[in-house]
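File shown: work-v2.txt (compact mmCIF, N, CA and C atoms).
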```txt
# COMPACT_ATOMS: atom_id res chain seq x y z
N MET A 241 122.44 2.69 -209.40
CA MET A 241 122.59 1.26 -209.42
C MET A 241 122.60 0.68 -208.01
N GLU A 242 123.24 1.40 -207.09
CA GLU A 242 123.29 0.90 -205.72
C GLU A 242 121.91 0.93 -205.07
N ILE A 243 121.12 1.92 -205.44
CA ILE A 243 119.78 2.02 -204.87
C ILE A 243 118.93 0.84 -205.33
N ILE A 244 119.08 0.46 -206.58
CA ILE A 244 118.31 -0.68 -207.09
C ILE A 244 118.73 -1.96 -206.37
N SER A 245 120.01 -2.14 -206.15
CA SER A 245 120.47 -3.35 -205.46
C SER A 245 120.03 -3.35 -204.00
N ILE A 246 120.03 -2.19 -203.33
CA ILE A 246 119.57 -2.11 -201.94
C ILE A 246 118.08 -2.42 -201.86
N VAL A 247 117.28 -1.85 -202.78
CA VAL A 247 115.84 -2.11 -202.82
C VAL A 247 115.59 -3.58 -203.11
N LEU A 248 116.39 -4.17 -204.02
CA LEU A 248 116.23 -5.59 -204.36
C LEU A 248 116.58 -6.47 -203.16
N ILE A 249 117.61 -6.14 -202.41
CA ILE A 249 117.98 -6.90 -201.20
C ILE A 249 116.87 -6.79 -200.15
N ILE A 250 116.34 -5.58 -199.97
CA ILE A 250 115.24 -5.39 -199.01
C ILE A 250 114.01 -6.19 -199.44
N LEU A 251 113.70 -6.19 -200.74
CA LEU A 251 112.55 -6.93 -201.26
C LEU A 251 112.73 -8.44 -201.08
N ILE A 252 113.93 -8.93 -201.36
CA ILE A 252 114.20 -10.36 -201.18
C ILE A 252 114.12 -10.73 -199.70
N ALA A 253 114.68 -9.88 -198.82
CA ALA A 253 114.61 -10.15 -197.37
C ALA A 253 113.15 -10.14 -196.90
N TYR A 254 112.38 -9.19 -197.42
CA TYR A 254 110.96 -9.12 -197.05
C TYR A 254 110.23 -10.39 -197.47
N LEU A 255 110.49 -10.85 -198.70
CA LEU A 255 109.83 -12.06 -199.20
C LEU A 255 110.26 -13.30 -198.41
N ILE A 256 111.51 -13.38 -198.05
CA ILE A 256 112.00 -14.52 -197.27
C ILE A 256 111.37 -14.50 -195.87
N LEU A 257 111.29 -13.32 -195.25
CA LEU A 257 110.66 -13.24 -193.94
C LEU A 257 109.16 -13.56 -194.01
N LYS A 258 108.52 -13.15 -195.10
CA LYS A 258 107.10 -13.49 -195.28
C LYS A 258 106.95 -15.01 -195.44
N LEU A 259 107.86 -15.64 -196.17
CA LEU A 259 107.82 -17.09 -196.35
C LEU A 259 108.03 -17.79 -195.01
N PHE A 260 108.98 -17.29 -194.20
CA PHE A 260 109.18 -17.84 -192.86
C PHE A 260 107.93 -17.68 -192.00
N ALA A 261 107.27 -16.53 -192.11
CA ALA A 261 106.06 -16.29 -191.33
C ALA A 261 104.95 -17.26 -191.73
N VAL A 262 104.83 -17.52 -193.03
CA VAL A 262 103.81 -18.47 -193.50
C VAL A 262 104.11 -19.87 -192.97
N PHE A 263 105.38 -20.29 -193.05
CA PHE A 263 105.75 -21.61 -192.53
C PHE A 263 105.54 -21.68 -191.02
N PHE A 264 105.91 -20.62 -190.31
CA PHE A 264 105.73 -20.60 -188.87
C PHE A 264 104.25 -20.68 -188.51
N HIS A 265 103.43 -19.93 -189.22
CA HIS A 265 101.99 -19.95 -188.97
C HIS A 265 101.41 -21.34 -189.25
N ALA A 266 101.82 -21.96 -190.32
CA ALA A 266 101.34 -23.31 -190.65
C ALA A 266 101.82 -24.32 -189.60
N GLY A 267 103.06 -24.17 -189.15
CA GLY A 267 103.58 -25.09 -188.14
C GLY A 267 102.84 -24.97 -186.82
N ILE A 268 102.58 -23.74 -186.40
CA ILE A 268 101.84 -23.53 -185.16
C ILE A 268 100.42 -24.08 -185.30
N TRP A 269 99.83 -23.88 -186.46
CA TRP A 269 98.47 -24.39 -186.68
C TRP A 269 98.46 -25.91 -186.61
N LEU A 270 99.46 -26.54 -187.22
CA LEU A 270 99.54 -28.01 -187.19
C LEU A 270 99.82 -28.53 -185.78
N LEU A 271 100.62 -27.79 -185.00
CA LEU A 271 100.86 -28.20 -183.61
C LEU A 271 99.62 -28.03 -182.75
N ALA A 272 98.83 -27.02 -183.02
CA ALA A 272 97.65 -26.74 -182.20
C ALA A 272 96.45 -27.57 -182.62
N LEU A 273 96.47 -28.16 -183.79
CA LEU A 273 95.31 -28.90 -184.30
C LEU A 273 94.86 -30.05 -183.39
N PRO A 274 95.77 -30.89 -182.88
CA PRO A 274 95.29 -31.96 -181.98
C PRO A 274 94.64 -31.41 -180.71
N PHE A 275 95.16 -30.31 -180.20
CA PHE A 275 94.56 -29.73 -179.00
C PHE A 275 93.19 -29.14 -179.29
N LYS A 276 93.02 -28.56 -180.47
CA LYS A 276 91.71 -28.05 -180.85
C LYS A 276 90.71 -29.19 -181.00
N LEU A 277 91.15 -30.28 -181.63
CA LEU A 277 90.26 -31.44 -181.77
C LEU A 277 89.92 -32.04 -180.41
N LEU A 278 90.88 -32.10 -179.51
CA LEU A 278 90.62 -32.60 -178.16
C LEU A 278 89.63 -31.70 -177.43
N ALA A 279 89.79 -30.39 -177.59
CA ALA A 279 88.87 -29.46 -176.93
C ALA A 279 87.46 -29.60 -177.48
N ILE A 280 87.32 -29.78 -178.78
CA ILE A 280 86.00 -29.97 -179.38
C ILE A 280 85.38 -31.26 -178.88
N THR A 281 86.18 -32.32 -178.82
CA THR A 281 85.66 -33.61 -178.35
C THR A 281 85.23 -33.54 -176.89
N LEU A 282 86.07 -32.95 -176.04
CA LEU A 282 85.73 -32.86 -174.62
C LEU A 282 84.52 -31.97 -174.38
N SER A 283 84.42 -30.87 -175.11
CA SER A 283 83.25 -30.00 -174.92
C SER A 283 81.98 -30.68 -175.40
N THR A 284 82.07 -31.47 -176.47
CA THR A 284 80.90 -32.21 -176.93
C THR A 284 80.49 -33.25 -175.89
N LEU A 285 81.45 -33.97 -175.33
CA LEU A 285 81.14 -34.94 -174.30
C LEU A 285 80.55 -34.28 -173.06
N LEU A 286 81.09 -33.12 -172.69
CA LEU A 286 80.56 -32.39 -171.55
C LEU A 286 79.11 -31.99 -171.77
N VAL A 287 78.81 -31.49 -172.94
CA VAL A 287 77.44 -31.06 -173.23
C VAL A 287 76.50 -32.26 -173.24
N VAL A 288 76.93 -33.33 -173.89
CA VAL A 288 76.03 -34.48 -174.05
C VAL A 288 75.82 -35.21 -172.73
N PHE A 289 76.88 -35.42 -171.97
CA PHE A 289 76.77 -36.27 -170.79
C PHE A 289 76.59 -35.52 -169.48
N VAL A 290 76.76 -34.21 -169.47
CA VAL A 290 76.61 -33.45 -168.22
C VAL A 290 75.50 -32.41 -168.33
N LEU A 291 75.60 -31.54 -169.30
CA LEU A 291 74.67 -30.41 -169.36
C LEU A 291 73.26 -30.83 -169.78
N VAL A 292 73.15 -31.76 -170.72
CA VAL A 292 71.81 -32.20 -171.14
C VAL A 292 71.09 -32.94 -170.00
N PRO A 293 71.74 -33.90 -169.30
CA PRO A 293 71.03 -34.51 -168.17
C PRO A 293 70.70 -33.52 -167.06
N LEU A 294 71.60 -32.56 -166.81
CA LEU A 294 71.28 -31.55 -165.79
C LEU A 294 70.08 -30.71 -166.22
N GLY A 295 69.97 -30.43 -167.49
CA GLY A 295 68.81 -29.70 -167.99
C GLY A 295 67.53 -30.50 -167.85
N VAL A 296 67.61 -31.79 -168.14
CA VAL A 296 66.43 -32.66 -168.00
C VAL A 296 66.03 -32.76 -166.53
N ILE A 297 67.00 -32.95 -165.65
CA ILE A 297 66.70 -33.05 -164.21
C ILE A 297 66.12 -31.73 -163.70
N GLY A 298 66.69 -30.62 -164.14
CA GLY A 298 66.15 -29.32 -163.75
C GLY A 298 64.74 -29.11 -164.24
N GLY A 299 64.45 -29.54 -165.45
CA GLY A 299 63.10 -29.43 -165.99
C GLY A 299 62.11 -30.27 -165.20
N LEU A 300 62.51 -31.49 -164.86
CA LEU A 300 61.62 -32.36 -164.08
C LEU A 300 61.40 -31.80 -162.68
N LEU A 301 62.45 -31.29 -162.07
CA LEU A 301 62.29 -30.69 -160.74
C LEU A 301 61.41 -29.46 -160.77
N SER A 302 61.50 -28.69 -161.84
CA SER A 302 60.63 -27.52 -161.93
C SER A 302 59.18 -27.95 -162.12
N LEU A 303 58.96 -29.05 -162.83
CA LEU A 303 57.58 -29.56 -162.95
C LEU A 303 57.06 -30.04 -161.61
N LEU A 304 57.94 -30.61 -160.79
CA LEU A 304 57.51 -31.05 -159.47
C LEU A 304 57.28 -29.86 -158.54
N ALA A 305 57.97 -28.75 -158.79
CA ALA A 305 57.86 -27.59 -157.92
C ALA A 305 56.65 -26.72 -158.25
N VAL A 306 56.03 -26.92 -159.40
CA VAL A 306 54.88 -26.10 -159.79
C VAL A 306 53.74 -26.21 -158.79
N PRO A 307 53.34 -27.39 -158.32
CA PRO A 307 52.26 -27.44 -157.33
C PRO A 307 52.62 -26.73 -156.03
N VAL A 308 53.86 -26.80 -155.64
CA VAL A 308 54.29 -26.12 -154.41
C VAL A 308 54.18 -24.61 -154.58
N VAL A 309 54.56 -24.12 -155.74
CA VAL A 309 54.46 -22.68 -156.00
C VAL A 309 53.00 -22.24 -156.03
N LEU A 310 52.16 -23.04 -156.67
CA LEU A 310 50.74 -22.70 -156.71
C LEU A 310 50.12 -22.77 -155.32
N ALA A 311 50.55 -23.72 -154.51
CA ALA A 311 50.04 -23.81 -153.14
C ALA A 311 50.54 -22.63 -152.31
N ALA A 312 51.71 -22.12 -152.62
CA ALA A 312 52.24 -20.98 -151.88
C ALA A 312 51.40 -19.73 -152.11
N LEU A 313 50.75 -19.65 -153.25
CA LEU A 313 49.85 -18.52 -153.49
C LEU A 313 48.63 -18.57 -152.58
N LEU A 314 48.24 -19.77 -152.18
CA LEU A 314 47.08 -19.92 -151.29
C LEU A 314 47.47 -19.91 -149.82
N LEU A 315 48.74 -19.72 -149.53
CA LEU A 315 49.23 -19.79 -148.16
C LEU A 315 48.56 -18.78 -147.22
N PRO A 316 48.34 -17.52 -147.61
CA PRO A 316 47.66 -16.61 -146.67
C PRO A 316 46.27 -17.09 -146.29
N PHE A 317 45.51 -17.58 -147.25
CA PHE A 317 44.16 -18.08 -146.96
C PHE A 317 44.23 -19.32 -146.06
N LEU A 318 45.21 -20.17 -146.31
CA LEU A 318 45.39 -21.36 -145.49
C LEU A 318 45.74 -20.97 -144.04
N LEU A 319 46.60 -19.99 -143.87
CA LEU A 319 46.98 -19.57 -142.52
C LEU A 319 45.81 -18.90 -141.80
N ILE A 320 45.01 -18.11 -142.51
CA ILE A 320 43.84 -17.49 -141.89
C ILE A 320 42.85 -18.56 -141.46
N GLY A 321 42.60 -19.54 -142.33
CA GLY A 321 41.70 -20.64 -141.98
C GLY A 321 42.22 -21.45 -140.80
N LEU A 322 43.52 -21.71 -140.77
CA LEU A 322 44.10 -22.46 -139.65
C LEU A 322 43.98 -21.68 -138.35
N GLY A 323 44.19 -20.36 -138.42
CA GLY A 323 44.04 -19.54 -137.22
C GLY A 323 42.61 -19.53 -136.70
N LEU A 324 41.65 -19.42 -137.62
CA LEU A 324 40.23 -19.47 -137.20
C LEU A 324 39.90 -20.82 -136.58
N TRP A 325 40.41 -21.89 -137.19
CA TRP A 325 40.14 -23.23 -136.67
C TRP A 325 40.72 -23.38 -135.26
N LEU A 326 41.94 -22.85 -135.05
CA LEU A 326 42.55 -22.93 -133.72
C LEU A 326 41.77 -22.10 -132.69
N LEU A 327 41.28 -20.94 -133.10
CA LEU A 327 40.48 -20.12 -132.18
C LEU A 327 39.19 -20.83 -131.79
N ILE A 328 38.52 -21.41 -132.76
CA ILE A 328 37.28 -22.14 -132.48
C ILE A 328 37.56 -23.33 -131.58
N ARG A 329 38.61 -24.06 -131.87
CA ARG A 329 38.96 -25.23 -131.05
C ARG A 329 39.30 -24.81 -129.62
N HIS A 330 40.04 -23.72 -129.48
CA HIS A 330 40.40 -23.23 -128.15
C HIS A 330 39.15 -22.81 -127.37
N ASN A 331 38.22 -22.15 -128.05
CA ASN A 331 36.97 -21.75 -127.39
C ASN A 331 36.14 -22.96 -126.98
N GLN A 332 36.15 -24.00 -127.79
CA GLN A 332 35.41 -25.22 -127.43
C GLN A 332 36.03 -25.87 -126.20
N ASN A 333 37.36 -25.88 -126.14
CA ASN A 333 38.02 -26.46 -124.97
C ASN A 333 37.72 -25.65 -123.71
N LEU A 334 37.66 -24.32 -123.85
CA LEU A 334 37.34 -23.48 -122.69
C LEU A 334 35.90 -23.71 -122.23
N SER A 335 34.99 -23.85 -123.18
CA SER A 335 33.59 -24.07 -122.79
C SER A 335 33.43 -25.45 -122.14
N LYS A 336 34.17 -26.44 -122.55
CA LYS A 336 34.10 -27.75 -121.92
C LYS A 336 34.63 -27.68 -120.49
N LYS A 337 35.68 -26.89 -120.27
CA LYS A 337 36.24 -26.76 -118.93
C LYS A 337 35.28 -26.02 -118.01
N ARG A 338 34.53 -25.05 -118.54
CA ARG A 338 33.60 -24.28 -117.71
C ARG A 338 32.41 -25.13 -117.31
N ASN A 339 32.00 -26.02 -118.19
CA ASN A 339 30.82 -26.85 -117.87
C ASN A 339 31.16 -28.07 -117.03
N ASN A 340 32.43 -28.36 -116.89
CA ASN A 340 32.84 -29.53 -116.10
C ASN A 340 32.92 -29.13 -114.63
N PRO A 341 32.13 -29.75 -113.78
CA PRO A 341 32.15 -29.36 -112.37
C PRO A 341 33.40 -29.85 -111.64
N TYR A 342 34.11 -30.78 -112.19
CA TYR A 342 35.29 -31.34 -111.53
C TYR A 342 36.56 -30.53 -111.77
N ILE A 343 36.52 -29.53 -112.63
CA ILE A 343 37.72 -28.74 -112.90
C ILE A 343 37.70 -27.47 -112.10
```
The structure given in the file should be rewritten as structure tokens.
Amino acid sequence: MEIISIVLIILIAYLILKLFAVFFHAGIWLLALPFKLLAITLSTLLVVFVLVPLGVIGGLLSLLAVPVVLAALLLPFLLIGLGLWLLIRHNQNLSKKRNNPYI
């Protein structure tokens, strides 16, 4: 008989503690709900007003940078041509100085 009463007391204590845990969990959830809603609202505003415009600006800047990148591929040829042009110009200046009797 005592074992049944001890088991019954333990069962009742377990059920009461489970009921307290459910109430505590619900209370914490209700306390945290406004903060969760605030976090959702702020993250939505951040995405809409900060990240989307930054993405658009980044996309436009990348479109503007495409010609520069394509021109960079031609940079070695441009530098070779510029060097040849400078050599030819320098040789022309030297030949003008040689033909000038006053220099």
Mind running stretch 286-336 of chain A against stretch 278-282 of chain A at 8 Å and telling me each contacting residue's nearest atom pair with the distance in Å (one decimal), counting only N, CA and C atoms, chain and number ascending, as CSV?
```
residue,atom,partner,partner_atom,distance
A:Leu286,N,A:Leu282,C,4.0
A:Val287,N,A:Leu282,C,5.9
A:Val288,N,A:Leu282,C,7.7
```
For the residues in the current selection, export N, CA and C atoms as a PDB file, in the frame of the given file.
```pdb
ATOM      1  N   LEU A 286      81.090 -33.120-172.690  1.00  0.00           N
ATOM      2  CA  LEU A 286      80.560 -32.390-171.550  1.00  0.00           C
ATOM      3  C   LEU A 286      79.110 -31.990-171.770  1.00  0.00           C
ATOM      4  N   VAL A 287      78.810 -31.490-172.940  1.00  0.00           N
ATOM      5  CA  VAL A 287      77.440 -31.060-173.230  1.00  0.00           C
ATOM      6  C   VAL A 287      76.500 -32.260-173.240  1.00  0.00           C
ATOM      7  N   VAL A 288      76.930 -33.330-173.890  1.00  0.00           N
ATOM      8  CA  VAL A 288      76.030 -34.480-174.050  1.00  0.00           C
ATOM      9  C   VAL A 288      75.820 -35.210-172.730  1.00  0.00           C
TER      10      VAL A 288
END
```
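Picture a line from atom CA of A:Leu313 to atom CA of A:Gly295; it runs 26.4 Å.
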Atom-to-atom span, atom C of A:Leu315 and atom N of A:Leu327, Å
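Between these atoms lies a distance of 16.0 Å.
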How many Å lie between atom CA of A:Ile328 and atom C of A:Leu310, rounded to one decimal?
26.2 Å
Just need the box for stretch 249-265 of chain A, edges along x, y and z, holding every atom the file lists for it with 5 Å tacked onto each side, so centre and edge lengths in Å to one decimal, as JSON.
```
{"center_x": 109.7, "center_y": -13.5, "center_z": -195.5, "size_x": 26.6, "size_y": 26.3, "size_z": 23.9}
```
